[in-house]
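The structure under discussion appears below in the form of structure tokens.
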There are 2 protein chains.
Amino acid sequence: MRVAVDDELDATFMALADPTRRAIVARLARGDATVNDLAVPFNMTLPGISKHLKVLERSGLISRSRHAQYRPCHLEPAALDAALSWIETSRRTWTERFDKLDAHLRDIQQGHIHQAAPASGEEAADHD
Amino acid sequence: MRVAVDDELDATFMALADPTRRAIVARLARGDATVNDLAVPFNMTLPGISKHLKVLERSGLISRSRHAQYRPCHLEPAALDAALSWIETSRRTWTERFDKLDAHLRDIQQGHIHQAAPASGEEAADHD
DNA sequence: GTAGTATTTAACTTGACAGCTAATTAACTA
DNA sequence: TAGTTAATTAGCTGTCAAGTTAAATACTAC
């Protein structure tokens, strides 16, 4: 058993942390491209781009094939999906937390409004 | 106007590239916590955690307030959303590309059946 | 074979980051 | 006042990533 999904997410997020690599990913989303194609928009040497591609490949964000002397890159959406899922999970947890709080507050207001109905101090103040 | 959105995404993805920091984010999605709270599950010194929190704060993923000597951390979903959006955009571009290709292939099949229909050719390709 | 194109590897510099320990600031408590 | 808890800063180290140039590899074409 490997060290789990963690390492893949590490590599994926790390790969996406560089603007050049994000631009490459965005470019590859539109279609496959060779290293030279990818290098054009960037003010960087070819070995530099090659290194970035290696990082992207290691993270699973792209894969590469071979056509003659070209090594075209193509995007692998699965890695993108994994990163997406991770963020969505935390995001949803956060939202649900507030949904629950809202429901709780509504409950208090509707259920106990005619009960004691303290004269004025009905606050949402929540604890710690 | 130099500091584009890029830098924020750099910082956000970089912050998410560390498993400890992702765990912290996941923990904070469930509710605010102090530094000591956050440190418990990790086999790491307090200054270590403090550094991670600084990285998260710089990226905008969390913010901090002050209660007496405590400095509780809160998740800031906006940074999470920005990262989410970026990935979704590339993901959607990728999907649309295949939707268009599929439509094109259907078109070809219906109009020109006599042509060879590529099995599952995923080429897009402007080379050769 | 030689030449040319596409891409990678090697070797190196620079700078940032993760982790530690020790010392320090900030706020509360007795 | 001193003492305690919460958290940070300072200083150090080892590691690793980003970029470079120069040389090597993998093909195509003559």
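All residue names refer to the structure tokens as shown: chains lettered A, B, ... in order, residues numbered from 1 in each chain, ligands numbered from 1 in order.
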
Pairing every C-alpha atom in order, fit chain A onto chain B and give me the RMSD in Å.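 Fitting chain A to chain B over paired C-alpha atoms yields 3.8 Å.
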
Give me, as a list of chain:residue names, the residues of chain B touching chain D, with the criterion being at most 12 Å (counting only C-alpha atoms (C1' of nucleotides)).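 The contacting residues on chain B are B:Thr34, B:Val35, B:Asn36, B:Asp37, B:Ala39, B:Thr45, B:Leu46, B:Pro47, B:Gly48, B:Ile49, B:Ser50, B:Lys51, B:Leu53, B:Lys54, B:Arg66, B:His67, B:Ala68, B:Gln69, B:Tyr70, B:Arg71, B:Pro72.
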
Prev. selection, C-alpha atoms, output as an mmCIF file, in the first residue's frame:
data_model
loop_
_atom_site.group_PDB
_atom_site.id
_atom_site.type_symbol
_atom_site.label_atom_id
_atom_site.label_comp_id
_atom_site.auth_asym_id
_atom_site.auth_seq_id
_atom_site.Cartn_x
_atom_site.Cartn_y
_atom_site.Cartn_z
ATOM 1 C CA THR B 34 -6.738 27.662 17.820
ATOM 2 C CA VAL B 35 -3.158 26.893 16.967
ATOM 3 C CA ASN B 36 -2.872 24.405 19.785
ATOM 4 C CA ASP B 37 -6.050 22.653 18.665
ATOM 5 C CA ALA B 39 -1.342 21.103 16.340
ATOM 6 C CA THR B 45 6.199 21.396 16.977
ATOM 7 C CA LEU B 46 4.070 24.450 17.522
ATOM 8 C CA PRO B 47 6.345 26.762 15.540
ATOM 9 C CA GLY B 48 5.986 24.335 12.661
ATOM 10 C CA ILE B 49 2.224 24.626 12.745
ATOM 11 C CA SER B 50 2.539 28.359 13.126
ATOM 12 C CA LYS B 51 4.536 28.529 9.937
ATOM 13 C CA LEU B 53 -0.731 28.858 9.309
ATOM 14 C CA LYS B 54 1.230 31.805 8.068
ATOM 15 C CA ARG B 66 -7.860 37.484 18.534
ATOM 16 C CA HIS B 67 -9.553 36.359 21.718
ATOM 17 C CA ALA B 68 -7.404 37.054 24.731
ATOM 18 C CA GLN B 69 -4.207 35.132 24.142
ATOM 19 C CA TYR B 70 -5.815 32.871 21.555
ATOM 20 C CA ARG B 71 -5.578 33.536 17.846
ATOM 21 C CA PRO B 72 -8.327 31.411 16.358
#

Give the residues of chain B that lie within 6 Å of chain A; count only C-alpha atoms, and format the answer as a PyMOL selection string. chain B and resi 10+13-14+17-18+26+29+90+93-94

Output file for the selection above: C-alpha atoms, as an mmCIF file, in the first residue's frame:
data_model
loop_
_atom_site.group_PDB
_atom_site.id
_atom_site.type_symbol
_atom_site.label_atom_id
_atom_site.label_comp_id
_atom_site.auth_asym_id
_atom_site.auth_seq_id
_atom_site.Cartn_x
_atom_site.Cartn_y
_atom_site.Cartn_z
ATOM 1 C CA ASP B 10 0.130 30.562 -6.936
ATOM 2 C CA PHE B 13 -2.252 26.059 -4.801
ATOM 3 C CA MET B 14 1.123 26.151 -3.127
ATOM 4 C CA ALA B 17 0.285 21.269 -1.881
ATOM 5 C CA ASP B 18 1.197 20.301 1.660
ATOM 6 C CA ALA B 26 -10.236 20.348 6.241
ATOM 7 C CA ALA B 29 -14.017 23.674 7.393
ATOM 8 C CA SER B 90 -9.791 24.036 -17.632
ATOM 9 C CA THR B 93 -12.686 23.447 -21.784
ATOM 10 C CA TRP B 94 -11.393 19.926 -21.993
#

Distance table requested - chain C against chain B, cut-off 9 Å, only C-alpha atoms (C1' of nucleotides): one row per qualifying residue with the closest atom pair and its distance in Å to one decimal, ordered by chain and rising residue number, as a Markdown table.
| residue | atom | partner | partner_atom | distance |
| --- | --- | --- | --- | --- |
| C:DA18 | C1' | B:Gly48 | CA | 8.0 |
| C:DG19 | C1' | B:Gly48 | CA | 6.7 |
| C:DC20 | C1' | B:Thr45 | CA | 8.1 |
| C:DA26 | C1' | B:Gln69 | CA | 6.6 |
| C:DA27 | C1' | B:Gln69 | CA | 4.8 |
| C:DC28 | C1' | B:Ala68 | CA | 7.5 |

Could you pull out the residues in chain B that DSSP calls strand (DSSP E) from the backbone, as JSON, numbers by chain? {"B": [62, 63, 64, 73, 74, 75]}

For the residues selected in the previous step, produce a file with C-alpha atoms as an mmCIF file, in the first residue's frame.
data_model
loop_
_atom_site.group_PDB
_atom_site.id
_atom_site.type_symbol
_atom_site.label_atom_id
_atom_site.label_comp_id
_atom_site.auth_asym_id
_atom_site.auth_seq_id
_atom_site.Cartn_x
_atom_site.Cartn_y
_atom_site.Cartn_z
ATOM 1 C CA ILE B 62 -7.568 31.381 6.340
ATOM 2 C CA SER B 63 -7.833 34.490 8.475
ATOM 3 C CA ARG B 64 -7.236 34.999 12.145
ATOM 4 C CA CYS B 73 -8.198 30.557 12.667
ATOM 5 C CA HIS B 74 -11.154 30.642 10.291
ATOM 6 C CA LEU B 75 -11.370 29.234 6.830
#
